[in-house]
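Chemist: Structure: protein.cif, mmCIF, C-alpha atoms and all ligand atoms.
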data_final
loop_
_atom_site.label_atom_id
_atom_site.label_comp_id
_atom_site.auth_asym_id
_atom_site.auth_seq_id
_atom_site.Cartn_x
_atom_site.Cartn_y
_atom_site.Cartn_z
CA MET N 181 109.60 112.07 104.12
CA ASP N 182 112.50 113.83 102.50
CA ALA N 183 111.18 117.25 103.46
CA ALA N 184 110.35 116.19 107.02
CA LEU N 185 113.49 114.21 107.88
CA THR N 186 116.44 115.38 105.81
CA GLY N 187 119.06 117.38 107.69
CA ARG N 188 117.55 116.63 111.09
CA VAL N 189 118.73 114.31 113.85
CA LEU N 190 116.62 111.23 114.62
CA GLU N 191 115.55 111.47 118.24
CA ARG N 192 113.37 108.43 117.86
CA ALA N 193 114.03 105.47 115.59
CA GLU N 194 111.95 102.36 116.17
CA LEU N 195 112.13 99.48 113.74
CA ARG N 196 109.48 96.98 114.73
CA TRP N 197 110.75 94.27 112.45
CA PRO N 198 112.29 90.91 113.37
CA SER N 199 115.48 91.24 111.34
CA ALA N 200 116.04 94.81 112.58
CA VAL N 201 115.98 94.02 116.29
CA GLY N 202 118.97 95.76 117.84
CA VAL N 203 119.46 98.17 114.94
CA ASP N 204 119.55 101.68 116.38
CA LEU N 205 119.46 104.75 114.16
CA THR N 206 118.84 107.16 117.04
CA GLY N 207 121.16 110.16 116.97
CA ARG N 208 121.89 109.81 113.27
CA THR N 209 121.20 112.68 110.88
CA VAL N 210 119.06 111.80 107.88
CA LEU N 211 120.77 112.63 104.58
CA SER N 212 117.90 111.94 102.19
CA THR N 213 114.92 109.78 101.36
CA TRP N 214 114.49 108.83 97.76
CA SER N 215 112.38 106.33 95.87
CA TYR N 216 113.07 103.97 93.05
CA GLY N 217 110.02 102.22 91.70
CA LYS N 218 108.20 101.08 94.82
CA HIS N 219 111.31 101.06 97.00
CA LEU N 220 112.05 103.79 99.54
CA LEU N 221 115.59 104.44 100.69
CA THR N 222 116.37 106.63 103.71
CA ARG N 223 120.08 107.33 104.13
CA VAL N 224 121.63 108.35 107.43
CA ASP N 225 125.02 109.88 108.14
CA ASP N 226 126.85 106.76 109.35
CA GLY N 227 126.76 104.99 105.99
CA ARG N 228 123.58 103.03 106.53
CA THR N 229 120.31 103.05 104.58
CA LEU N 230 116.87 102.09 105.79
CA HIS N 231 115.11 100.30 102.94
CA THR N 232 111.33 99.98 103.04
CA HIS N 233 108.71 98.87 100.55
CA LEU N 234 104.97 99.48 100.86
CA ARG N 235 103.78 96.40 98.94
CA MET N 236 99.96 96.50 98.76
CA GLU N 237 98.90 97.87 102.14
CA GLY N 238 101.74 99.91 103.51
CA SER N 239 102.05 103.64 104.00
CA TRP N 240 104.36 106.25 105.47
CA ALA N 241 102.64 109.23 107.05
CA ILE N 242 104.14 112.37 108.57
CA ALA N 243 102.83 113.71 111.87
CA ARG N 244 103.95 116.57 114.06
CA THR N 245 106.16 115.22 116.85
CA GLY N 246 104.18 115.11 120.08
CA SER N 247 100.82 114.82 118.31
CA PRO N 248 98.55 111.79 118.88
CA ALA N 249 99.36 110.42 115.41
CA ALA N 250 103.08 110.54 116.19
CA ALA N 251 102.55 108.27 119.19
CA ALA N 252 102.24 105.42 116.64
CA ARG N 253 100.42 103.07 118.99
CA SER N 254 98.87 100.88 116.30
CA PRO N 255 100.12 97.29 116.34
CA TYR N 256 100.53 97.59 112.55
CA VAL N 257 103.19 100.27 112.81
CA ARG N 258 106.51 98.84 111.63
CA ALA N 259 108.78 101.87 111.79
CA VAL N 260 108.89 105.27 113.48
CA LEU N 261 111.48 107.92 112.58
CA GLY N 262 111.12 111.09 114.60
CA ASN N 263 113.03 114.35 114.93
CA ALA N 264 112.21 117.37 117.07
CA VAL N 265 109.61 118.62 114.59
CA TRP N 266 108.29 115.73 112.53
CA THR N 267 107.66 112.03 112.98
CA ALA N 268 107.35 109.60 110.08
CA VAL N 269 105.18 106.58 110.85
CA GLY N 270 105.42 103.51 108.66
CA ASP N 271 102.25 101.45 108.85
CA ARG N 272 101.85 97.91 107.45
CA LEU N 273 105.17 98.09 105.61
CA GLY N 274 105.81 95.14 103.33
CA MET N 275 109.60 95.07 103.59
CA LEU N 276 112.14 96.62 105.92
CA ASP N 277 115.88 96.22 106.21
CA VAL N 278 118.94 98.27 107.02
CA VAL N 279 121.87 97.93 104.63
CA PRO N 280 125.18 99.71 104.06
CA SER N 281 124.42 102.64 101.74
CA ARG N 282 127.08 101.38 99.33
CA ASP N 283 124.97 98.23 98.85
CA GLU N 284 121.77 100.04 97.81
CA HIS N 285 122.29 98.80 94.27
CA THR N 286 121.72 95.22 95.47
CA LEU N 287 118.13 96.24 96.34
CA ILE N 288 117.27 98.05 93.13
CA GLY N 289 119.91 97.03 90.58
CA HIS N 290 117.66 94.42 88.97
CA LEU N 291 114.82 96.89 88.40
CA GLY N 292 113.93 98.52 85.12
CA PRO N 293 113.88 102.31 84.67
CA ASP N 294 111.82 104.21 87.24
CA ILE N 295 108.73 105.46 85.45
CA LEU N 296 108.47 108.47 87.78
CA ASP N 297 112.03 109.62 87.15
CA ASP N 298 112.03 113.17 85.77
CA ALA N 299 114.14 112.02 82.83
CA PHE N 300 112.06 108.93 82.05
CA ALA N 301 110.84 110.13 78.66
CA THR N 302 114.37 110.76 77.41
CA ASP N 303 116.61 108.42 79.42
CA GLY N 304 114.46 105.57 80.73
CA LEU N 305 112.12 104.91 77.84
CA PRO N 306 114.61 103.32 75.41
CA GLU N 307 115.82 100.88 78.08
CA ALA N 308 112.24 100.06 79.15
CA LEU N 309 111.31 99.36 75.51
CA ARG N 310 114.33 97.11 75.13
CA ARG N 311 113.40 95.16 78.26
CA ALA N 312 109.74 94.93 77.16
CA ALA N 313 110.75 93.68 73.72
CA ALA N 314 112.74 90.90 75.38
CA ARG N 315 109.47 89.63 76.87
CA GLY N 316 108.19 88.88 73.36
CA SER N 317 104.56 87.77 73.34
CA ALA N 318 103.97 87.91 77.10
CA PRO N 319 100.66 89.68 77.91
CA ILE N 320 101.11 93.43 78.07
CA ALA N 321 99.48 93.67 81.54
CA GLU N 322 102.09 91.28 82.93
CA VAL N 323 104.94 93.18 81.31
CA LEU N 324 103.70 96.49 82.76
CA LEU N 325 103.58 94.89 86.23
CA ASP N 326 107.06 93.42 85.86
CA GLN N 327 109.34 95.66 87.93
CA THR N 328 112.40 94.38 86.08
CA VAL N 329 111.01 95.90 82.87
CA LEU N 330 109.77 99.16 84.33
CA ALA N 331 109.79 100.08 88.03
CA GLY N 332 106.83 101.64 89.79
CA ILE N 333 103.67 100.43 88.08
CA GLY N 334 100.99 98.62 90.09
CA THR N 335 97.56 97.32 89.18
CA ILE N 336 95.84 100.71 88.94
CA TRP N 337 98.34 102.17 86.53
CA THR N 338 98.38 98.99 84.50
CA ALA N 339 94.62 99.01 84.03
CA GLU N 340 93.90 102.70 83.44
CA PRO N 341 96.20 103.43 80.47
CA LEU N 342 95.20 100.15 78.79
CA PHE N 343 91.58 101.31 79.03
CA LEU N 344 92.35 104.78 77.69
CA LEU N 345 94.15 103.33 74.68
CA ARG N 346 91.59 100.51 74.19
CA ILE N 347 94.14 97.73 74.58
CA TRP N 348 93.09 94.23 75.69
CA PRO N 349 95.22 93.49 78.82
CA TRP N 350 96.33 90.10 77.44
CA THR N 351 97.51 91.46 74.09
CA PRO N 352 100.94 89.97 73.30
CA THR N 353 103.44 92.73 74.05
CA ASP N 354 105.03 92.44 70.62
CA GLU N 355 101.61 93.13 69.06
CA VAL N 356 100.81 96.31 71.00
CA PRO N 357 100.45 98.93 68.24
CA ASP N 358 102.27 101.81 69.96
CA LEU N 359 104.26 100.62 72.97
CA PRO N 360 106.19 103.91 73.45
CA GLY N 361 102.84 105.72 73.42
CA LEU N 362 101.45 103.33 76.04
CA LEU N 363 104.44 103.79 78.35
CA LEU N 364 104.37 107.57 78.01
CA THR N 365 100.61 107.62 78.66
CA THR N 366 101.20 105.54 81.79
CA GLN N 367 103.95 107.91 82.92
CA ARG N 368 101.74 110.94 82.33
CA LEU N 369 98.81 109.49 84.33
CA MET N 370 101.06 108.52 87.24
CA ALA N 371 102.79 111.89 87.29
CA ARG N 372 99.40 113.60 87.36
CA SER N 373 98.34 111.43 90.30
CA VAL N 374 101.53 112.28 92.18
CA ALA N 375 100.95 115.98 91.53
CA SER N 376 97.42 115.78 92.93
CA THR N 377 98.12 113.62 95.99
CA GLY N 378 101.83 113.77 96.71
CA ALA N 379 102.13 110.06 95.95
CA PRO N 380 100.92 107.61 93.35
CA ALA N 381 97.47 106.52 94.45
CA ALA N 382 97.63 103.32 96.46
CA THR N 383 93.88 102.97 96.86
CA GLY N 384 90.97 102.40 94.53
CA GLU N 385 90.01 105.98 93.89
CA GLY N 386 92.93 107.01 91.73
CA GLY N 387 93.88 109.98 93.84
CA ARG N 388 92.16 113.19 94.75
CA GLY N 389 90.73 114.89 91.70
CA LEU N 390 91.28 111.86 89.47
CA THR N 391 88.66 109.29 88.71
CA ASN N 392 89.33 105.68 87.88
CA ASN N 393 87.76 104.48 84.69
CA VAL N 394 88.12 100.76 85.34
CA HIS N 395 90.16 99.94 88.43
CA SER N 396 88.01 98.55 91.27
CA ARG N 397 84.87 99.15 89.17
CA ARG N 398 83.90 95.52 88.47
CA GLY N 399 80.27 95.24 87.38
CA ARG N 400 79.80 99.00 87.09
CA PRO N 401 79.09 100.54 83.68
CA CYS N 402 82.00 101.54 81.47
CA ARG N 403 82.17 105.34 81.40
CA ARG N 404 82.57 105.16 77.62
CA CYS N 405 80.14 102.46 76.45
CA GLY N 406 78.10 101.33 79.46
CA THR N 407 79.24 97.69 79.35
CA PRO N 408 79.88 96.25 82.85
CA ILE N 409 83.57 96.40 83.76
CA GLU N 410 85.18 92.98 84.21
CA ARG N 411 87.95 91.80 86.50
CA GLY N 412 90.56 89.50 85.04
CA VAL N 413 93.75 88.06 86.42
CA ALA N 414 97.32 88.69 85.31
CA ARG N 415 100.20 86.38 86.20
CA LYS N 416 100.00 83.00 87.87
CA PRO N 417 99.43 82.13 91.54
CA PRO N 418 100.79 83.10 93.99
CA MET N 419 101.80 86.23 92.04
CA GLU N 420 98.42 86.87 90.45
CA ARG N 421 97.03 90.39 90.37
CA PRO N 422 93.58 91.70 89.42
CA ILE N 423 93.25 93.60 86.17
CA PHE N 424 90.05 95.55 85.49
CA TYR N 425 88.97 96.27 81.92
CA CYS N 426 85.99 96.93 79.64
CA PRO N 427 85.31 93.81 77.56
CA ARG N 428 83.85 95.93 74.77
CA CYS N 429 86.21 98.90 74.55
CA GLN N 430 89.18 96.58 75.12
CA ALA N 431 88.15 93.59 73.06
CA PRO N 432 90.98 91.43 71.66
CA ARG N 433 91.89 92.55 68.16
ZN ZN S 1 83.58 100.29 77.34
#
I need this file expressed as structure tokens, please.

Modeler:
Amino acid sequence: MDAALTGRVLERAELRWPSAVGVDLTGRTVLSTWSYGKHLLTRVDDGRTLHTHLRMEGSWAIARTGSPAAAARSPYVRAVLGNAVWTAVGDRLGMLDVVPSRDEHTLIGHLGPDILDDAFATDGLPEALRRAAARGSAPIAEVLLDQTVLAGIGTIWTAEPLFLLRIWPWTPTDEVPDLPGLLLTTQRLMARSVASTGAPAATGEGGRGLTNNVHSRRGRPCRRCGTPIERGVARKPPMERPIFYCPRCQAPR
């Protein structure tokens, strides 16, 4: 989105969202699009920022302006930002609002360090460890999913590093043997996925060229020991999320 929109004037700006009725970004020049955790922030030159969040199903796709994909006729399209060359189509977005750019911190200020930040290993890690430690004996899978501890991790990138390091997903966080190692492994896997797909994988296949070991593999044999993969649940309703794991490789200690 940043490459396609930045520095160009929006000739088309449709926000198909109840609270954004009447908001018109047409004619504005896009200054940047950046992400923090799972939040996307597109700044324009009149001091406003379009904030979107993909949640589970959403996506932004770039199409050449004038192409069939840029027509964005699907009833699930929630936003269209088009310039003379490129059109960004936001499908099934989970959140959308337009805020003054100076208020962006109110959207992301509560979040933990962004795991995909280039400086995560040096700058973000100590703060993430401090926030994780404050969660005490909460299950590690729930702490990894908690965006106020660490921003950006979903169910895939909770499950996969726990499998690689043979950690039971409900291990109390304060009993995880090497928490810095776990967070850095998670960061490395996600960065590799971004490098191979352009975005952290949002579907079950872990991104082009990468293979999931456990996520979405319930009942299929563990690639390491052959035991059927199980699907557990982290967090309580209505916030529960599926966590896939090998009951043998990741047995409780
Ligand atoms: Zn196994």

Chemist: Please produce, as CSV, a per-residue contact table for chain N versus ligand ZN 1 (chain S) (criterion: any atom at most 6 Å away, all atoms listed in the file considered), showing the nearest atom pair and its distance in Å to one decimal, sorted by chain then residue number.

Modeler:
residue,atom,partner,partner_atom,distance
N:Cys402,CA,S:ZN1,ZN,4.6
N:Arg404,CA,S:ZN1,ZN,5.0
N:Cys405,CA,S:ZN1,ZN,4.2
N:Gly406,CA,S:ZN1,ZN,6.0
N:Thr407,CA,S:ZN1,ZN,5.4
N:Cys426,CA,S:ZN1,ZN,4.7
N:Arg428,CA,S:ZN1,ZN,5.1
N:Cys429,CA,S:ZN1,ZN,4.1

Chemist: Quick one: residues within 9 Å of region 238-247 of chain N, all atoms listed in the file, excluding same-chain residues fewer than 5 positions away - as a list in words?

Modeler: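 Within the cut-off, the hits are Met181, Ala184, His233, Ala259, Gly262, Asn263, Ala264, Val265, Trp266, Thr267, Ala268, Val269, Gly270, Asp271, Arg272, Leu273, Gly274 and Ala382 of chain N.
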
Chemist: Would you save the residues of that selection, restricted to C-alpha atoms, as a JSON list (two decimals), in the frame of the given file?

Modeler:
[["chain", "number", "residue", "atom", "x", "y", "z"],
["N", 181, "MET", "CA", 109.60, 112.07, 104.12],
["N", 184, "ALA", "CA", 110.35, 116.19, 107.02],
["N", 233, "HIS", "CA", 108.71, 98.87, 100.55],
["N", 259, "ALA", "CA", 108.78, 101.87, 111.79],
["N", 262, "GLY", "CA", 111.12, 111.09, 114.60],
["N", 263, "ASN", "CA", 113.03, 114.35, 114.93],
["N", 264, "ALA", "CA", 112.21, 117.37, 117.07],
["N", 265, "VAL", "CA", 109.61, 118.62, 114.59],
["N", 266, "TRP", "CA", 108.29, 115.73, 112.53],
["N", 267, "THR", "CA", 107.66, 112.03, 112.98],
["N", 268, "ALA", "CA", 107.35, 109.60, 110.08],
["N", 269, "VAL", "CA", 105.18, 106.58, 110.85],
["N", 270, "GLY", "CA", 105.42, 103.51, 108.66],
["N", 271, "ASP", "CA", 102.25, 101.45, 108.85],
["N", 272, "ARG", "CA", 101.85, 97.91, 107.45],
["N", 273, "LEU", "CA", 105.17, 98.09, 105.61],
["N", 274, "GLY", "CA", 105.81, 95.14, 103.33],
["N", 382, "ALA", "CA", 97.63, 103.32, 96.46]]

Chemist: What gap, in Å, lies between CA of Glu284 (chain N) and CA of Arg228 (chain N)?

Modeler: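 That distance, rounded to one decimal, is 9.4 Å.
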
Chemist: Would you mind telling me which residue in N:Arg282, N:Pro349, N:Arg368, N:Leu234 lies nearest to Phe300 (chain N) when using all atoms listed in the file?

Modeler: N:Arg368

Chemist: Taking 3 positions as the minimum chain separation for residues in the same chain, which residues sit within 6 Å of region 208-220 of chain N when counting all atoms listed in the file? Answer as a ChimeraX atom specification.

Modeler: /N:182,186-190,205,223-225,231-233,294,331-332

Chemist: Would you compute the distance between CA of Gly334 (chain N) and CA of Ile295 (chain N)? Give it in Å to one decimal.

Modeler: 11.3 Å

Chemist: Please return the centre and edge lengths, in Å to one decimal, of a box with edges along x, y and z that contains all listed atoms of region 422-431 of chain N, widened by 8 Å on every side, as AutoDock Vina command-line options.

Modeler:
--center_x 88.7 --center_y 95.3 --center_z 81.2 --size_x 25.7 --size_y 23.2 --size_z 32.4

Chemist: Find the residues of region 271-335 of chain N that sit at most 12 Å from region 413-417 of chain N; for each, write down the nearest two atoms and how far apart they are in Å, to one decimal. Count all atoms listed in the file. Sort by chain, then by number going up, and give it as a Markdown table.

Modeler:
| residue | atom | partner | partner_atom | distance |
| --- | --- | --- | --- | --- |
| N:Ala318 | CA | N:Arg415 | CA | 10.0 |
| N:Pro319 | CA | N:Ala414 | CA | 8.2 |
| N:Ile320 | CA | N:Ala414 | CA | 9.4 |
| N:Ala321 | CA | N:Ala414 | CA | 6.6 |
| N:Glu322 | CA | N:Ala414 | CA | 5.9 |
| N:Val323 | CA | N:Arg415 | CA | 9.6 |
| N:Leu324 | CA | N:Ala414 | CA | 10.4 |
| N:Leu325 | CA | N:Ala414 | CA | 8.9 |
| N:Asp326 | CA | N:Arg415 | CA | 9.8 |
| N:Gly334 | CA | N:Ala414 | CA | 11.6 |
| N:Thr335 | CA | N:Ala414 | CA | 9.5 |

Chemist: Have a look at CA of Ile336 (chain N) and CA of Leu305 (chain N) and let me know their distance in Å, one decimal.

Modeler: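 Distance between the two atoms: 20.1 Å.
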
Chemist: Looking at all atoms listed in the file, which of N:Thr222, N:Thr328, N:Ser317, N:Ser396 is the one that sits closest to Asp354 (chain N)?

Modeler: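 Smallest separation from Asp354 (chain N) among the options: N:Ser317.
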
Chemist: Using only C-alpha atoms, which residue out of N:Ile288, N:Met275, N:Ala375, N:Ile423 lies closest to Trp350 (chain N)?

Modeler: N:Ile423

Chemist: Can you list, as a PyMOL selection string, every protein, DNA or RNA residue that comes within 12 Å of Pro357 (chain N) when you count all atoms listed in the file, leaving out same-chain residues fewer than 2 positions away?

Modeler: chain N and resi 320+342+345-348+351-355+359-363+433

Chemist: May I have the residues from that selection written out with C-alpha atoms, as a compact mmCIF listing (two decimals), in the coordinates of the input?

Modeler:
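Once written, again05.txt looks like this:
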# COMPACT_ATOMS: atom_id res chain seq x y z
CA ILE N 320 101.11 93.43 78.07
CA LEU N 342 95.20 100.15 78.79
CA LEU N 345 94.15 103.33 74.68
CA ARG N 346 91.59 100.51 74.19
CA ILE N 347 94.14 97.73 74.58
CA TRP N 348 93.09 94.23 75.69
CA THR N 351 97.51 91.46 74.09
CA PRO N 352 100.94 89.97 73.30
CA THR N 353 103.44 92.73 74.05
CA ASP N 354 105.03 92.44 70.62
CA GLU N 355 101.61 93.13 69.06
CA LEU N 359 104.26 100.62 72.97
CA PRO N 360 106.19 103.91 73.45
CA GLY N 361 102.84 105.72 73.42
CA LEU N 362 101.45 103.33 76.04
CA LEU N 363 104.44 103.79 78.35
CA ARG N 433 91.89 92.55 68.16

Chemist: Pick out the residues sitting within 9 Å of Leu369 (chain N), and hand them over as a compact mmCIF listing (two decimals) with C-alpha atoms, in the coordinates of the input; count all atoms listed in the file, and ignore anything fewer than 4 positions along from it in its own chain.

Modeler:
# COMPACT_ATOMS: atom_id res chain seq x y z
CA TRP N 337 98.34 102.17 86.53
CA GLU N 340 93.90 102.70 83.44
CA PRO N 341 96.20 103.43 80.47
CA LEU N 364 104.37 107.57 78.01
CA THR N 365 100.61 107.62 78.66
CA SER N 373 98.34 111.43 90.30
CA VAL N 374 101.53 112.28 92.18

Chemist: From the set N:Asp204, N:Asp277, N:Arg421, N:Gln367, which residue has the shortest atom-to-atom contact distance to Ala301 (chain N), counting only C-alpha atoms?

Modeler: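 Checking each candidate against Ala301 (chain N), we get N:Gln367 as the closest.
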
Chemist: Hey, could you patch up region 190-201 of chain N with all heavy atoms and hand it over as a PDB file, keeping the file's coordinate frame?

Modeler:
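File produced: selection37.pdb:
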ATOM      1  N   LEU N 190     117.674 112.151 114.162  1.00  0.00           N
ATOM      2  CA  LEU N 190     116.620 111.230 114.620  1.00  0.00           C
ATOM      3  C   LEU N 190     116.678 111.134 116.146  1.00  0.00           C
ATOM      4  O   LEU N 190     117.668 110.667 116.705  1.00  0.00           O
ATOM      5  CB  LEU N 190     116.806 109.854 113.991  1.00  0.00           C
ATOM      6  CG  LEU N 190     116.552 109.760 112.480  1.00  0.00           C
ATOM      7  CD1 LEU N 190     116.942 108.373 111.969  1.00  0.00           C
ATOM      8  CD2 LEU N 190     115.089 110.053 112.163  1.00  0.00           C
ATOM      9  N   GLU N 191     115.617 111.591 116.781  1.00  0.00           N
ATOM     10  CA  GLU N 191     115.550 111.470 118.240  1.00  0.00           C
ATOM     11  C   GLU N 191     114.802 110.200 118.614  1.00  0.00           C
ATOM     12  O   GLU N 191     114.824 109.761 119.765  1.00  0.00           O
ATOM     13  CB  GLU N 191     114.850 112.699 118.826  1.00  0.00           C
ATOM     14  CG  GLU N 191     115.636 113.978 118.549  1.00  0.00           C
ATOM     15  CD  GLU N 191     115.009 115.215 119.150  1.00  0.00           C
ATOM     16  OE1 GLU N 191     113.892 115.126 119.720  1.00  0.00           O
ATOM     17  OE2 GLU N 191     115.643 116.290 119.051  1.00  0.00           O
ATOM     18  N   ARG N 192     114.123 109.661 117.631  1.00  0.00           N
ATOM     19  CA  ARG N 192     113.370 108.430 117.860  1.00  0.00           C
ATOM     20  C   ARG N 192     113.514 107.591 116.590  1.00  0.00           C
ATOM     21  O   ARG N 192     113.330 108.091 115.479  1.00  0.00           O
ATOM     22  CB  ARG N 192     111.900 108.786 118.090  1.00  0.00           C
ATOM     23  CG  ARG N 192     111.014 107.615 118.437  1.00  0.00           C
ATOM     24  CD  ARG N 192     109.607 108.157 118.672  1.00  0.00           C
ATOM     25  NE  ARG N 192     108.654 107.076 118.863  1.00  0.00           N
ATOM     26  CZ  ARG N 192     107.334 107.210 118.750  1.00  0.00           C
ATOM     27  NH1 ARG N 192     106.819 108.389 118.426  1.00  0.00           N
ATOM     28  NH2 ARG N 192     106.535 106.189 118.933  1.00  0.00           N
ATOM     29  N   ALA N 193     113.871 106.341 116.763  1.00  0.00           N
ATOM     30  CA  ALA N 193     114.030 105.470 115.590  1.00  0.00           C
ATOM     31  C   ALA N 193     113.669 104.050 116.017  1.00  0.00           C
ATOM     32  O   ALA N 193     114.479 103.330 116.575  1.00  0.00           O
ATOM     33  CB  ALA N 193     115.453 105.534 115.060  1.00  0.00           C
ATOM     34  N   GLU N 194     112.414 103.698 115.781  1.00  0.00           N
ATOM     35  CA  GLU N 194     111.950 102.360 116.170  1.00  0.00           C
ATOM     36  C   GLU N 194     111.707 101.540 114.916  1.00  0.00           C
ATOM     37  O   GLU N 194     110.964 101.953 114.027  1.00  0.00           O
ATOM     38  CB  GLU N 194     110.624 102.476 116.949  1.00  0.00           C
ATOM     39  CG  GLU N 194     110.775 103.237 118.252  1.00  0.00           C
ATOM     40  CD  GLU N 194     109.412 103.544 118.874  1.00  0.00           C
ATOM     41  OE1 GLU N 194     108.408 102.881 118.520  1.00  0.00           O
ATOM     42  OE2 GLU N 194     109.367 104.472 119.699  1.00  0.00           O
ATOM     43  N   LEU N 195     112.339 100.391 114.859  1.00  0.00           N
ATOM     44  CA  LEU N 195     112.130  99.480 113.740  1.00  0.00           C
ATOM     45  C   LEU N 195     111.511  98.217 114.309  1.00  0.00           C
ATOM     46  O   LEU N 195     112.185  97.404 114.931  1.00  0.00           O
ATOM     47  CB  LEU N 195     113.471  99.182 113.041  1.00  0.00           C
ATOM     48  CG  LEU N 195     114.248 100.424 112.577  1.00  0.00           C
ATOM     49  CD1 LEU N 195     115.563 100.018 111.928  1.00  0.00           C
ATOM     50  CD2 LEU N 195     113.407 101.264 111.607  1.00  0.00           C
ATOM     51  N   ARG N 196     110.207  98.106 114.129  1.00  0.00           N
ATOM     52  CA  ARG N 196     109.480  96.980 114.730  1.00  0.00           C
ATOM     53  C   ARG N 196     109.424  95.849 113.711  1.00  0.00           C
ATOM     54  O   ARG N 196     108.397  95.608 113.054  1.00  0.00           O
ATOM     55  CB  ARG N 196     108.075  97.430 115.137  1.00  0.00           C
ATOM     56  CG  ARG N 196     108.116  98.632 116.083  1.00  0.00           C
ATOM     57  CD  ARG N 196     106.726  99.133 116.407  1.00  0.00           C
ATOM     58  NE  ARG N 196     106.779 100.390 117.162  1.00  0.00           N
ATOM     59  CZ  ARG N 196     105.712 101.148 117.431  1.00  0.00           C
ATOM     60  NH1 ARG N 196     104.507 100.765 117.022  1.00  0.00           N
ATOM     61  NH2 ARG N 196     105.843 102.268 118.115  1.00  0.00           N
ATOM     62  N   TRP N 197     110.579  95.241 113.533  1.00  0.00           N
ATOM     63  CA  TRP N 197     110.750  94.270 112.450  1.00  0.00           C
ATOM     64  C   TRP N 197     111.751  93.219 112.925  1.00  0.00           C
ATOM     65  O   TRP N 197     112.820  93.583 113.429  1.00  0.00           O
ATOM     66  CB  TRP N 197     111.294  95.004 111.219  1.00  0.00           C
ATOM     67  CG  TRP N 197     111.180  94.247 109.956  1.00  0.00           C
ATOM     68  CD1 TRP N 197     112.098  93.391 109.422  1.00  0.00           C
ATOM     69  CD2 TRP N 197     110.080  94.265 109.059  1.00  0.00           C
ATOM     70  NE1 TRP N 197     111.631  92.883 108.241  1.00  0.00           N
ATOM     71  CE2 TRP N 197     110.389  93.394 107.998  1.00  0.00           C
ATOM     72  CE3 TRP N 197     108.832  94.916 109.045  1.00  0.00           C
ATOM     73  CZ2 TRP N 197     109.523  93.165 106.940  1.00  0.00           C
ATOM     74  CZ3 TRP N 197     107.980  94.701 108.003  1.00  0.00           C
ATOM     75  CH2 TRP N 197     108.317  93.835 106.951  1.00  0.00           C
ATOM     76  N   PRO N 198     111.436  91.946 112.765  1.00  0.00           N
ATOM     77  CA  PRO N 198     112.290  90.910 113.370  1.00  0.00           C
ATOM     78  C   PRO N 198     113.766  91.023 113.013  1.00  0.00           C
ATOM     79  O   PRO N 198     114.623  90.957 113.900  1.00  0.00           O
ATOM     80  CB  PRO N 198     111.695  89.606 112.816  1.00  0.00           C
ATOM     81  CG  PRO N 198     110.274  89.943 112.489  1.00  0.00           C
ATOM     82  CD  PRO N 198     110.263  91.390 112.101  1.00  0.00           C
ATOM     83  N   SER N 199     114.070  91.238 111.733  1.00  0.00           N
ATOM     84  CA  SER N 199     115.480  91.240 111.340  1.00  0.00           C
ATOM     85  C   SER N 199     116.190  92.534 111.731  1.00  0.00           C
ATOM     86  O   SER N 199     117.401  92.647 111.586  1.00  0.00           O
ATOM     87  CB  SER N 199     115.598  91.026 109.822  1.00  0.00           C
ATOM     88  OG  SER N 199     114.966  92.087 109.140  1.00  0.00           O
ATOM     89  N   ALA N 200     115.427  93.529 112.216  1.00  0.00           N
ATOM     90  CA  ALA N 200     116.040  94.810 112.580  1.00  0.00           C
ATOM     91  C   ALA N 200     116.129  94.988 114.093  1.00  0.00           C
ATOM     92  O   ALA N 200     116.464  96.076 114.566  1.00  0.00           O
ATOM     93  CB  ALA N 200     115.260  95.962 111.960  1.00  0.00           C
ATOM     94  N   VAL N 201     115.856  93.930 114.828  1.00  0.00           N
ATOM     95  CA  VAL N 201     115.980  94.020 116.290  1.00  0.00           C
ATOM     96  C   VAL N 201     117.433  94.364 116.625  1.00  0.00           C
ATOM     97  O   VAL N 201     118.361  93.749 116.100  1.00  0.00           O
ATOM     98  CB  VAL N 201     115.564  92.690 116.951  1.00  0.00           C
ATOM     99  CG1 VAL N 201     115.950  92.693 118.434  1.00  0.00           C
ATOM    100  CG2 VAL N 201     114.064  92.470 116.791  1.00  0.00           C
TER     101      VAL N 201
END
